[in-house]
>>> print(open('final.txt').read())   # compact mmCIF, C-alpha atoms
# COMPACT_ATOMS: atom_id res chain seq x y z
CA MET B 762 -24.58 20.12 -0.76
CA ARG B 763 -20.88 20.01 -1.66
CA HIS B 764 -18.27 17.27 -1.29
CA LEU B 765 -14.49 17.37 -1.59
CA ILE B 766 -13.43 14.19 -3.35
CA GLU B 767 -10.71 15.65 -5.55
CA PRO B 768 -9.23 19.15 -5.81
CA GLU B 769 -11.13 19.73 -9.07
CA ASP B 770 -14.40 19.73 -7.08
CA PHE B 771 -13.58 23.32 -6.13
CA THR B 772 -12.84 26.22 -8.44
CA LEU B 773 -9.51 28.00 -8.13
CA GLU B 774 -11.32 30.95 -6.52
CA GLU B 775 -12.86 28.62 -3.93
CA ILE B 776 -9.51 26.99 -3.18
CA GLU B 777 -7.79 30.36 -2.78
CA GLU B 778 -10.63 31.54 -0.55
CA LEU B 779 -10.24 28.43 1.64
CA VAL B 780 -6.52 29.09 1.92
CA ASP B 781 -7.14 32.74 2.86
CA THR B 782 -9.82 31.78 5.38
CA GLY B 783 -7.43 29.20 6.86
CA LEU B 784 -4.79 31.92 7.25
CA LYS B 785 -7.32 34.21 8.96
CA ILE B 786 -8.25 31.41 11.37
CA TYR B 787 -4.53 30.79 12.02
CA GLU B 788 -4.10 34.45 12.93
CA ASN B 789 -7.20 34.70 15.13
CA PRO B 790 -8.37 31.21 16.13
CA ARG B 791 -10.48 32.53 19.01
CA ASP B 792 -12.89 34.18 16.58
CA TYR B 793 -13.88 30.77 15.29
CA GLN B 794 -14.02 28.64 18.43
CA LYS B 795 -17.83 28.38 18.58
CA ILE B 796 -18.84 28.30 14.94
CA CYS B 797 -19.44 24.51 14.89
CA ASP B 798 -21.29 24.40 18.19
CA GLY B 799 -23.75 21.46 18.03
CA LYS B 800 -22.23 20.01 14.85
CA ILE B 801 -20.74 16.51 14.55
CA LEU B 802 -17.92 15.28 12.34
CA ALA B 803 -17.90 11.56 11.52
CA SER B 804 -14.29 10.53 11.16
CA LEU B 805 -14.30 7.22 9.27
CA PHE B 806 -10.79 5.86 8.85
CA PHE B 807 -10.89 2.49 7.13
CA GLU B 808 -7.10 2.49 7.24
CA PRO B 809 -4.69 4.06 9.72
CA SER B 810 -3.69 7.71 9.69
CA THR B 811 -2.04 10.01 12.18
CA ARG B 812 -1.90 13.54 10.83
CA THR B 813 -5.02 13.54 8.68
CA LYS B 814 -7.28 11.99 11.31
CA PHE B 815 -6.05 14.01 14.26
CA SER B 816 -5.87 17.27 12.35
CA PHE B 817 -9.52 16.84 11.32
CA ASP B 818 -10.53 15.92 14.87
CA SER B 819 -8.59 18.88 16.19
CA ALA B 820 -10.05 21.21 13.54
CA MET B 821 -13.61 20.26 14.49
CA MET B 822 -12.96 20.51 18.24
CA ARG B 823 -11.27 23.91 17.87
CA MET B 824 -14.51 25.19 16.34
CA GLY B 825 -16.65 23.81 19.19
CA GLY B 826 -17.90 20.74 17.34
CA ASN B 827 -17.85 17.07 18.28
CA VAL B 828 -16.28 14.04 16.63
CA ILE B 829 -17.45 10.43 16.33
CA GLY B 830 -16.00 7.60 14.27
CA PHE B 831 -13.39 4.89 14.08
CA ALA B 832 -9.69 4.73 13.28
CA ASP B 833 -9.62 1.15 12.10
CA ALA B 834 -12.08 -0.71 9.84
CA ASP B 835 -11.88 -3.73 12.16
CA THR B 836 -13.90 -1.81 14.74
CA SER B 837 -16.72 -0.95 12.30
CA SER B 838 -19.48 -2.97 10.64
CA THR B 839 -17.31 -3.23 7.53
CA LYS B 840 -15.70 -6.16 9.31
CA LYS B 841 -19.14 -7.85 9.28
CA GLY B 842 -19.39 -7.31 5.53
CA GLU B 843 -21.45 -4.12 5.46
CA SER B 844 -21.19 -2.22 2.18
CA LEU B 845 -19.68 1.23 2.15
CA ALA B 846 -22.93 2.68 0.78
CA ASP B 847 -24.91 1.37 3.78
CA THR B 848 -22.37 2.65 6.30
CA ILE B 849 -22.49 6.08 4.70
CA ARG B 850 -26.30 6.21 4.47
CA VAL B 851 -26.60 5.54 8.19
CA MET B 852 -23.90 8.04 9.11
CA GLY B 853 -26.12 10.72 7.60
CA TYR B 854 -28.40 10.32 10.65
CA TYR B 855 -25.56 10.57 13.16
CA ALA B 856 -23.33 13.37 11.87
CA ASP B 857 -23.28 16.58 9.82
CA VAL B 858 -20.14 15.99 7.79
CA ILE B 859 -17.93 12.96 7.07
CA VAL B 860 -14.20 12.70 6.55
CA MET B 861 -13.11 9.28 5.32
CA ARG B 862 -9.92 7.48 4.41
CA HIS B 863 -10.19 4.23 2.51
CA PRO B 864 -7.64 1.86 0.97
CA LYS B 865 -9.70 1.43 -2.21
CA GLU B 866 -9.32 4.08 -4.89
CA GLY B 867 -12.60 5.79 -5.73
CA ALA B 868 -14.27 4.80 -2.42
CA PRO B 869 -15.00 8.43 -1.38
CA LYS B 870 -16.62 9.08 -4.74
CA LEU B 871 -18.86 6.06 -4.24
CA ALA B 872 -19.66 7.32 -0.72
CA SER B 873 -20.62 10.74 -2.07
CA GLN B 874 -23.20 9.10 -4.33
CA TYR B 875 -25.05 7.66 -1.33
CA SER B 876 -24.52 10.36 1.28
CA SER B 877 -27.01 12.90 2.57
CA ILE B 878 -24.20 14.92 4.19
CA PRO B 879 -20.92 16.33 2.79
CA ILE B 880 -18.05 13.87 2.26
CA ILE B 881 -14.40 14.85 2.54
CA ASN B 882 -11.84 12.54 1.00
CA GLY B 883 -9.08 12.01 3.55
CA GLY B 884 -7.09 9.85 1.13
CA ASP B 885 -8.08 6.91 -1.08
CA GLY B 886 -5.28 4.45 -1.81
CA GLY B 887 -2.73 5.97 -4.16
CA HIS B 888 -5.35 8.13 -5.83
CA GLN B 889 -6.18 11.50 -4.24
CA HIS B 890 -5.57 13.37 -1.04
CA PRO B 891 -7.19 16.77 -1.59
CA THR B 892 -6.94 18.07 1.97
CA GLN B 893 -3.19 17.46 1.89
CA THR B 894 -3.21 19.63 -1.23
CA LEU B 895 -5.04 22.37 0.69
CA THR B 896 -2.50 21.96 3.50
CA ASP B 897 0.35 22.32 1.01
CA LEU B 898 -1.18 25.38 -0.63
CA ILE B 899 -1.82 27.23 2.64
CA THR B 900 1.80 26.51 3.63
CA ILE B 901 3.08 27.84 0.32
CA LYS B 902 0.97 30.98 0.67
CA ARG B 903 2.08 31.53 4.27
CA PHE B 904 5.79 31.22 3.48
CA LYS B 905 5.99 32.38 -0.13
CA GLY B 906 3.20 34.96 -0.25
CA THR B 907 1.48 33.53 -3.34
CA ILE B 908 0.27 30.12 -4.46
CA SER B 909 1.58 30.23 -8.01
CA GLY B 910 4.59 31.48 -9.92
CA HIS B 911 7.25 29.39 -8.18
CA THR B 912 9.67 26.82 -9.53
CA VAL B 913 8.89 23.60 -7.75
CA ALA B 914 10.86 20.35 -7.41
CA PHE B 915 9.12 17.15 -6.36
CA CYS B 916 11.55 14.58 -5.05
CA GLY B 917 11.22 10.90 -4.12
CA ASP B 918 8.36 8.56 -4.95
CA LEU B 919 6.44 10.38 -7.67
CA LYS B 920 4.75 7.25 -8.99
CA TYR B 921 2.70 6.16 -6.02
CA GLY B 922 2.70 9.41 -4.02
CA ARG B 923 -0.91 10.58 -4.06
CA THR B 924 0.01 13.87 -2.38
CA VAL B 925 2.26 14.69 -5.33
CA HIS B 926 -0.41 13.80 -7.89
CA SER B 927 -3.06 16.01 -6.28
CA LEU B 928 -0.69 18.91 -5.64
CA ILE B 929 1.04 19.04 -9.01
CA ARG B 930 -2.29 19.02 -10.82
CA THR B 931 -3.65 21.80 -8.64
CA MET B 932 -0.49 23.92 -8.92
CA ALA B 933 -0.67 23.51 -12.69
CA ARG B 934 -4.30 24.70 -12.57
CA PHE B 935 -3.11 27.76 -10.66
CA GLY B 936 -0.67 28.53 -13.46
CA THR B 937 2.63 27.21 -12.10
CA LYS B 938 4.66 26.32 -15.19
CA HIS B 939 8.02 24.95 -14.07
CA PHE B 940 8.42 21.64 -12.29
CA TYR B 941 11.46 19.49 -11.69
CA LEU B 942 10.75 15.82 -11.08
CA VAL B 943 13.54 14.19 -9.12
CA SER B 944 13.11 10.44 -8.73
CA PRO B 945 14.57 7.06 -9.56
CA GLU B 946 13.44 5.78 -12.92
CA GLU B 947 11.22 3.17 -11.25
CA LEU B 948 9.26 5.82 -9.37
CA ARG B 949 8.68 8.48 -12.02
CA LEU B 950 5.44 10.41 -12.33
CA PRO B 951 2.87 8.30 -14.26
CA ASP B 952 2.81 8.96 -18.00
CA ALA B 953 -0.93 9.68 -18.08
CA LEU B 954 -0.51 12.45 -15.51
CA LYS B 955 2.51 13.90 -17.31
CA ARG B 956 0.55 13.95 -20.55
CA GLN B 957 -2.36 15.69 -18.84
CA LEU B 958 -0.09 18.32 -17.28
CA VAL B 959 1.64 19.11 -20.54
CA ASP B 960 -1.37 18.94 -22.87
CA LYS B 961 -3.96 20.59 -20.64
CA TYR B 962 -1.92 23.09 -18.65
CA GLY B 963 1.16 23.60 -20.84
CA VAL B 964 3.61 23.02 -18.02
CA GLU B 965 7.29 22.34 -18.45
CA LEU B 966 8.41 19.14 -16.72
CA LYS B 967 12.07 18.29 -16.36
CA GLU B 968 12.95 14.84 -15.05
CA VAL B 969 16.29 14.47 -13.30
CA VAL B 970 17.86 11.80 -11.15
CA TYR B 971 19.97 13.96 -8.84
CA LEU B 972 18.69 16.80 -6.69
CA GLU B 973 22.08 18.52 -6.90
CA GLU B 974 21.46 19.20 -10.60
CA VAL B 975 18.57 21.55 -9.87
CA ILE B 976 18.81 22.66 -6.24
CA GLU B 977 20.03 26.18 -7.10
CA ASN B 978 17.01 26.93 -9.28
CA ILE B 979 14.11 25.99 -7.07
CA ASP B 980 11.77 27.96 -4.82
CA ILE B 981 9.93 25.02 -3.29
CA LEU B 982 11.39 21.58 -2.62
CA TYR B 983 8.64 19.04 -1.98
CA MET B 984 10.02 15.82 -0.53
CA THR B 985 8.25 12.46 -0.33
CA ARG B 986 9.07 9.17 1.28
CA ILE B 987 10.50 6.35 -0.82
CA GLN B 988 9.05 3.10 0.45
CA LYS B 989 11.16 0.00 0.42
CA GLU B 990 8.29 -2.17 -0.81
CA ARG B 991 8.13 -0.18 -4.08
CA PHE B 992 11.41 -1.74 -5.21
CA PHE B 993 11.91 -5.10 -6.83
CA ASN B 994 14.91 -5.89 -4.68
CA GLU B 995 16.58 -4.59 -1.56
CA ALA B 996 19.87 -3.86 -3.33
CA ASP B 997 18.19 -1.29 -5.60
CA TYR B 998 16.49 0.32 -2.63
CA LEU B 999 19.71 0.58 -0.65
CA LYS B 1000 21.53 1.96 -3.67
CA LEU B 1001 18.96 4.65 -4.36
CA LYS B 1002 17.60 5.71 -1.01
CA ASN B 1003 20.46 8.07 -0.19
CA SER B 1004 20.32 9.72 -3.61
CA PHE B 1005 16.97 11.12 -2.60
CA LYS B 1006 17.93 12.30 0.83
CA VAL B 1007 18.17 15.99 1.72
CA THR B 1008 21.15 16.92 3.84
CA ARG B 1009 22.63 20.23 4.97
CA GLU B 1010 25.38 19.72 2.43
CA LYS B 1011 22.94 19.28 -0.46
CA ILE B 1012 21.02 22.48 0.27
CA LYS B 1013 24.13 24.66 0.70
CA THR B 1014 23.71 26.19 -2.74
CA ALA B 1015 19.92 26.48 -2.57
CA LYS B 1016 18.21 29.89 -2.49
CA PRO B 1017 18.02 31.40 1.00
CA ASP B 1018 14.23 31.76 0.69
CA MET B 1019 13.58 28.29 -0.73
CA ILE B 1020 11.22 26.23 1.41
CA ILE B 1021 11.44 22.49 2.10
CA MET B 1022 8.09 20.74 2.43
CA HIS B 1023 7.12 17.14 3.24
CA PRO B 1024 3.65 15.68 3.86
CA LEU B 1025 5.16 13.49 6.65
CA PRO B 1026 5.78 10.91 7.94
CA ARG B 1027 9.42 11.10 6.96
CA VAL B 1028 11.74 8.19 7.46
CA ASN B 1029 15.23 9.07 6.35
CA GLU B 1030 14.71 11.28 3.31
CA ILE B 1031 15.40 14.47 5.26
CA ALA B 1032 18.36 14.37 7.63
CA TYR B 1033 17.42 15.48 11.14
CA ASP B 1034 19.97 18.27 11.11
CA VAL B 1035 17.98 19.97 8.32
CA ASP B 1036 15.14 20.54 10.82
CA ASP B 1037 16.93 23.57 12.27
CA ASP B 1038 17.42 25.19 8.88
CA GLN B 1039 15.04 28.15 8.48
CA ARG B 1040 14.00 26.78 5.07
CA ALA B 1041 12.54 23.61 6.62
CA VAL B 1042 8.79 24.20 7.02
CA TYR B 1043 7.41 20.65 7.17
CA PHE B 1044 6.31 20.82 10.79
CA GLU B 1045 4.59 24.15 10.21
CA GLN B 1046 2.99 22.47 7.18
CA SER B 1047 1.34 19.95 9.52
CA GLU B 1048 0.23 22.82 11.73
CA MET B 1049 -1.36 24.69 8.80
CA GLY B 1050 -3.31 21.54 7.92
CA VAL B 1051 -5.51 22.10 10.96
CA TYR B 1052 -6.43 25.67 9.96
CA VAL B 1053 -7.23 24.93 6.35
CA ARG B 1054 -9.31 21.93 7.44
CA MET B 1055 -11.19 24.24 9.82
CA ALA B 1056 -11.94 26.48 6.85
CA LEU B 1057 -13.04 23.47 4.79
CA ILE B 1058 -15.40 22.09 7.44
CA ALA B 1059 -16.89 25.58 7.90
CA LYS B 1060 -17.44 25.88 4.15
CA LEU B 1061 -19.13 22.49 3.80
CA LEU B 1062 -21.32 23.11 6.87
CA GLU B 1063 -22.00 26.69 5.77
CA VAL B 1064 -21.14 28.12 9.18
CA GLY B 1065 -18.97 31.00 10.45
CA PRO B 1066 -17.43 32.88 7.51
CA TYR B 1067 -19.45 30.68 5.13
CA ALA B 1068 -22.84 31.14 6.83
CA ARG B 1069 -25.61 31.93 4.35
CA GLY B 1070 -27.62 35.12 4.54
CA MET M 1286 -13.32 -19.49 -54.40
CA LEU M 1287 -15.74 -20.25 -51.61
CA GLU M 1288 -19.20 -18.87 -52.28
CA VAL M 1289 -21.92 -18.06 -49.77
CA LYS M 1290 -25.25 -16.79 -51.00
CA GLY M 1291 -26.60 -13.45 -49.90
CA ILE M 1292 -29.24 -13.04 -47.21
CA GLU M 1293 -32.80 -11.83 -47.74
CA ASN M 1294 -33.34 -10.06 -44.41
CA GLY M 1295 -30.76 -9.38 -41.76
CA LEU M 1296 -27.29 -7.94 -41.24
CA VAL M 1297 -23.95 -8.29 -42.96
CA ILE M 1298 -21.14 -7.25 -40.64
CA ASP M 1299 -18.24 -6.44 -42.90
CA HIS M 1300 -14.60 -5.29 -42.69
CA ILE M 1301 -13.89 -7.20 -39.50
CA SER M 1302 -10.12 -7.56 -39.13
CA ALA M 1303 -9.15 -11.20 -39.82
CA GLY M 1304 -9.23 -13.10 -36.54
CA ASN M 1305 -11.82 -10.92 -34.83
CA GLY M 1306 -14.81 -12.54 -36.56
CA LEU M 1307 -14.87 -15.57 -34.31
CA LYS M 1308 -14.53 -13.38 -31.21
CA ILE M 1309 -17.50 -11.24 -32.29
CA PHE M 1310 -19.49 -14.32 -33.19
CA ASN M 1311 -18.87 -15.82 -29.74
CA ARG M 1312 -19.64 -12.56 -27.99
CA LEU M 1313 -22.82 -11.59 -29.88
CA PHE M 1314 -24.29 -14.52 -31.72
CA ALA M 1315 -23.22 -17.77 -30.06
CA ASP M 1316 -26.75 -18.38 -28.74
CA THR M 1317 -28.73 -17.22 -31.76
CA GLU M 1318 -31.51 -19.36 -33.18
CA TYR M 1319 -31.29 -17.69 -36.59
CA PRO M 1320 -29.16 -18.81 -39.54
CA VAL M 1321 -25.70 -17.25 -39.31
CA VAL M 1322 -22.56 -17.54 -41.40
CA LEU M 1323 -19.06 -16.61 -40.37
CA LEU M 1324 -16.58 -16.10 -43.21
CA MET M 1325 -12.94 -15.91 -42.28
CA ASN M 1326 -9.85 -14.69 -44.11
CA VAL M 1327 -11.72 -13.25 -47.09
CA SER M 1328 -9.60 -11.06 -49.40
CA SER M 1329 -10.19 -7.36 -48.98
CA GLN M 1330 -8.82 -4.48 -51.03
CA ILE M 1331 -9.07 -2.17 -48.02
CA ILE M 1332 -7.70 -4.24 -45.16
CA GLY M 1333 -5.99 -7.18 -46.87
CA LYS M 1334 -7.80 -10.03 -45.15
CA LYS M 1335 -11.10 -9.69 -43.40
CA ASP M 1336 -13.84 -11.66 -41.67
CA ILE M 1337 -17.56 -11.27 -42.43
CA ILE M 1338 -20.64 -12.29 -40.45
CA LYS M 1339 -24.03 -12.72 -42.11
CA ILE M 1340 -27.01 -13.22 -39.89
CA GLU M 1341 -30.65 -13.65 -40.89
CA ASN M 1342 -33.63 -11.92 -39.21
CA VAL M 1343 -31.54 -9.79 -36.86
CA PHE M 1344 -31.56 -6.01 -37.29
CA ASP M 1345 -30.16 -4.80 -34.00
CA VAL M 1346 -26.51 -4.96 -33.15
CA ASP M 1347 -24.45 -3.15 -30.54
CA LEU M 1348 -22.46 -0.69 -32.67
CA ASP M 1349 -20.51 0.50 -29.61
CA LEU M 1350 -19.32 -3.01 -28.87
CA LEU M 1351 -18.36 -3.54 -32.51
CA GLY M 1352 -16.51 -0.21 -32.45
CA LEU M 1353 -14.58 -1.27 -29.38
CA ILE M 1354 -13.57 -4.50 -31.05
CA ASP M 1355 -12.76 -3.05 -34.44
CA PRO M 1356 -13.66 0.53 -35.42
CA ARG M 1357 -13.37 -0.18 -39.16
CA ILE M 1358 -16.38 -2.50 -39.13
CA THR M 1359 -19.36 -1.61 -41.31
CA VAL M 1360 -22.85 -3.02 -40.83
CA ASN M 1361 -25.10 -3.50 -43.88
CA VAL M 1362 -28.83 -3.78 -43.25
CA ILE M 1363 -30.55 -6.02 -45.80
CA LYS M 1364 -34.31 -6.07 -46.33
CA ASN M 1365 -36.01 -8.13 -49.06
CA GLY M 1366 -32.62 -8.86 -50.58
CA ALA M 1367 -31.70 -5.18 -50.95
CA LEU M 1368 -29.24 -3.02 -49.06
CA VAL M 1369 -31.34 -0.45 -47.18
CA ASP M 1370 -28.79 1.01 -44.77
CA LYS M 1371 -25.08 1.01 -44.15
CA VAL M 1372 -23.70 2.12 -40.79
CA LYS M 1373 -20.22 2.29 -39.34
CA ALA M 1374 -19.28 0.88 -35.97
CA ARG M 1375 -18.45 3.69 -33.55
CA ILE M 1376 -15.98 3.99 -30.74
CA PRO M 1377 -18.09 4.80 -27.68
CA LYS M 1378 -17.16 8.00 -25.85
CA THR M 1379 -18.37 6.50 -22.59
CA ILE M 1380 -18.92 2.91 -21.42
CA LYS M 1381 -20.98 1.83 -18.44
CA GLY M 1382 -20.85 -1.86 -17.53
CA GLY M 1383 -19.18 -4.56 -19.60
CA LEU M 1384 -15.68 -3.24 -19.00
CA GLN M 1385 -13.60 -3.87 -15.88
CA CYS M 1386 -11.18 -1.36 -14.45
CA GLN M 1387 -7.59 -2.60 -14.83
CA ASN M 1388 -6.54 -1.01 -11.53
CA PRO M 1389 -6.67 -3.78 -8.90
CA ARG M 1390 -6.93 -1.18 -6.11
CA CYS M 1391 -10.11 0.35 -7.59
CA ILE M 1392 -13.28 0.24 -5.44
CA THR M 1393 -15.21 -1.23 -8.41
CA HIS M 1394 -13.60 -4.63 -7.79
CA THR M 1395 -14.87 -5.00 -4.25
CA ASP M 1396 -18.14 -3.08 -3.98
CA ASP M 1397 -21.23 -4.08 -5.94
CA TYR M 1398 -22.58 -0.54 -5.70
CA ALA M 1399 -19.64 0.81 -7.68
CA ILE M 1400 -20.34 0.30 -11.38
CA PRO M 1401 -17.58 2.07 -13.26
CA GLU M 1402 -18.25 4.49 -16.06
CA PHE M 1403 -15.37 4.93 -18.46
CA LYS M 1404 -14.56 8.02 -20.49
CA LEU M 1405 -12.66 7.69 -23.77
CA LEU M 1406 -9.26 9.40 -23.55
CA LYS M 1407 -7.46 8.19 -26.63
CA ALA M 1408 -8.56 6.16 -29.64
CA ASN M 1409 -5.66 5.93 -32.03
CA GLY M 1410 -4.02 2.53 -31.85
CA LYS M 1411 -5.26 1.28 -28.50
CA MET M 1412 -8.42 2.57 -26.95
CA GLU M 1413 -7.76 4.10 -23.55
CA TYR M 1414 -10.59 4.69 -21.11
CA GLU M 1415 -10.49 6.53 -17.78
CA CYS M 1416 -12.35 4.99 -14.84
CA SER M 1417 -14.82 7.37 -13.21
CA TYR M 1418 -13.89 6.14 -9.73
CA CYS M 1419 -10.10 5.78 -9.64
CA GLU M 1420 -9.18 7.73 -12.85
CA GLU M 1421 -6.75 4.98 -13.88
CA ILE M 1422 -6.55 4.13 -17.56
CA THR M 1423 -7.99 0.88 -18.85
CA VAL M 1424 -7.13 -0.29 -22.35
CA TYR M 1425 -9.98 -2.15 -24.00
CA LYS M 1426 -9.11 -5.71 -25.01
CA LEU M 1427 -11.53 -8.23 -26.51
>>> encode(input="final.txt", output="structure tokens")
Amino acid sequence: MRHLIEPEDFTLEEIEELVDTGLKIYENPRDYQKICDGKILASLFFEPSTRTKFSFDSAMMRMGGNVIGFADADTSSTKKGESLADTIRVMGYYADVIVMRHPKEGAPKLASQYSSIPIINGGDGGHQHPTQTLTDLITIKRFKGTISGHTVAFCGDLKYGRTVHSLIRTMARFGTKHFYLVSPEELRLPDALKRQLVDKYGVELKEVVYLEEVIENIDILYMTRIQKERFFNEADYLKLKNSFKVTREKIKTAKPDMIIMHPLPRVNEIAYDVDDDQRAVYFEQSEMGVYVRMALIAKLLEVGPYARG
Amino acid sequence: MLEVKGIENGLVIDHISAGNGLKIFNRLFADTEYPVVLLMNVSSQIIGKKDIIKIENVFDVDLDLLGLIDPRITVNVIKNGALVDKVKARIPKTIKGGLQCQNPRCITHTDDYAIPEFKLLKANGKMEYECSYCEEITVYKL
């Protein structure tokens, strides 16, 4: 039995295969609409989510499976004080695979230690979000042709953004060597992660404060939301928030085949008039999340293209 | 010069950085029923000033814990008044229990099932351990 708690749970070959399977499903979804017939996904969201929860629900339903679960811990036995381990043990009798989001970091790992069915981490605090990483990779492959070999800029909140942490580590594993880190000083990528990227994968990280300094050189611009509550005072937030905003003006000198990604939700970090630019792919990114999650569920359940024998 | 006689059977925990002796004593030997001596601020050619603990009739000590507190510590095993073994404290590569994750958002703070295991990442200067659940770094402090 396999779980997906962090991207490192899968080899690079497995990740690439999931991405390729997701692209095949995207091209011919009808071929896969019955492969989860009779299977149940438990969707346990201990904190709110829009895209992750609904894309998993949609993924399961598009393969003919069913979904049970909750979207708020207040409607589960957790409210009565039940331990996570007990909730997970019982779910093993009701479902075939679990996707969970939890505010505590490491909760999905704990769940995997007590589960009789596969666990998928749908986000744990500021720690990991591996299925967003899969979503990002399938988007990159769809629009850029390959997963690695691009110059990537991450922009915004790089300190608390779990999507950035999971993705940058995985891209480094795939051999991507050049990253620009565009963020206010307060929200820089954590030192431990930077050390790991440089020491283990030999990547070149360049930290800058203004996107304009690097926009001409990049192939992929990955935007994240800067949250007001991350700042010590409102004045700093107001001063900085527009420095990390993408506008039509700012991308004028960017490569014509650069892509702009964002895990969503966005607030004001991408101006609405950028949506019509052909380089903006963030809505398609959300779309691709469904297909790669279909591939993931199929792999963990060993059905369809992953059926044994 | 203050003199303390040697022990016949037991342990001499030597080369404790000055100031750490009392912390080790409180942590490991505060409840002991055996004779124990704590020497503080003794001159040392190697580390300047050091603390020493001598304890009778005890032969087992947690070398990992000593290593966490002070990796320069040496433990002399004395039997019938003679030195029979000399071992160095060691910095543990992994720790399970006894260390709390410094990340307040970690599941280990709220779920009794989650007992963190820490993996040593760095040991020069401060000892940095990675939590097996949240992967955040915890620096060991006595």
>>> interface_residues(input="final.txt", of="chain M", to="chain B", cutoff="12 Å", atoms="all atoms listed in the file", output="PyMOL selection string")
chain M and resi 1386+1388-1402+1406-1407+1413-1423
>>> closest_residue(input="final.txt", among="M:Val1321, M:Val1346, M:Val1362, M:Ile1337", to="Ala1374 (chain M)", atoms="only C-alpha atoms")
M:Val1346
>>> residues_around(input="final.txt", residues="region 1309-1315 of chain M", least_positions_apart="6", cutoff="12 Å", atoms="all atoms listed in the file", output="JSON, numbers by chain")
{"M": [1296, 1298, 1299, 1301, 1302, 1303, 1321, 1322, 1323, 1324, 1325, 1336, 1337, 1338, 1339, 1340, 1341, 1343, 1345, 1346, 1347, 1348, 1350, 1351, 1352, 1353, 1354, 1355, 1358, 1383, 1427]}
>>> closest_residue(input="final.txt", among="B:Pro945, B:Gly842, B:Pro891, B:Pro809", to="Asn1003 (chain B)", atoms="all atoms listed in the file")
B:Pro945
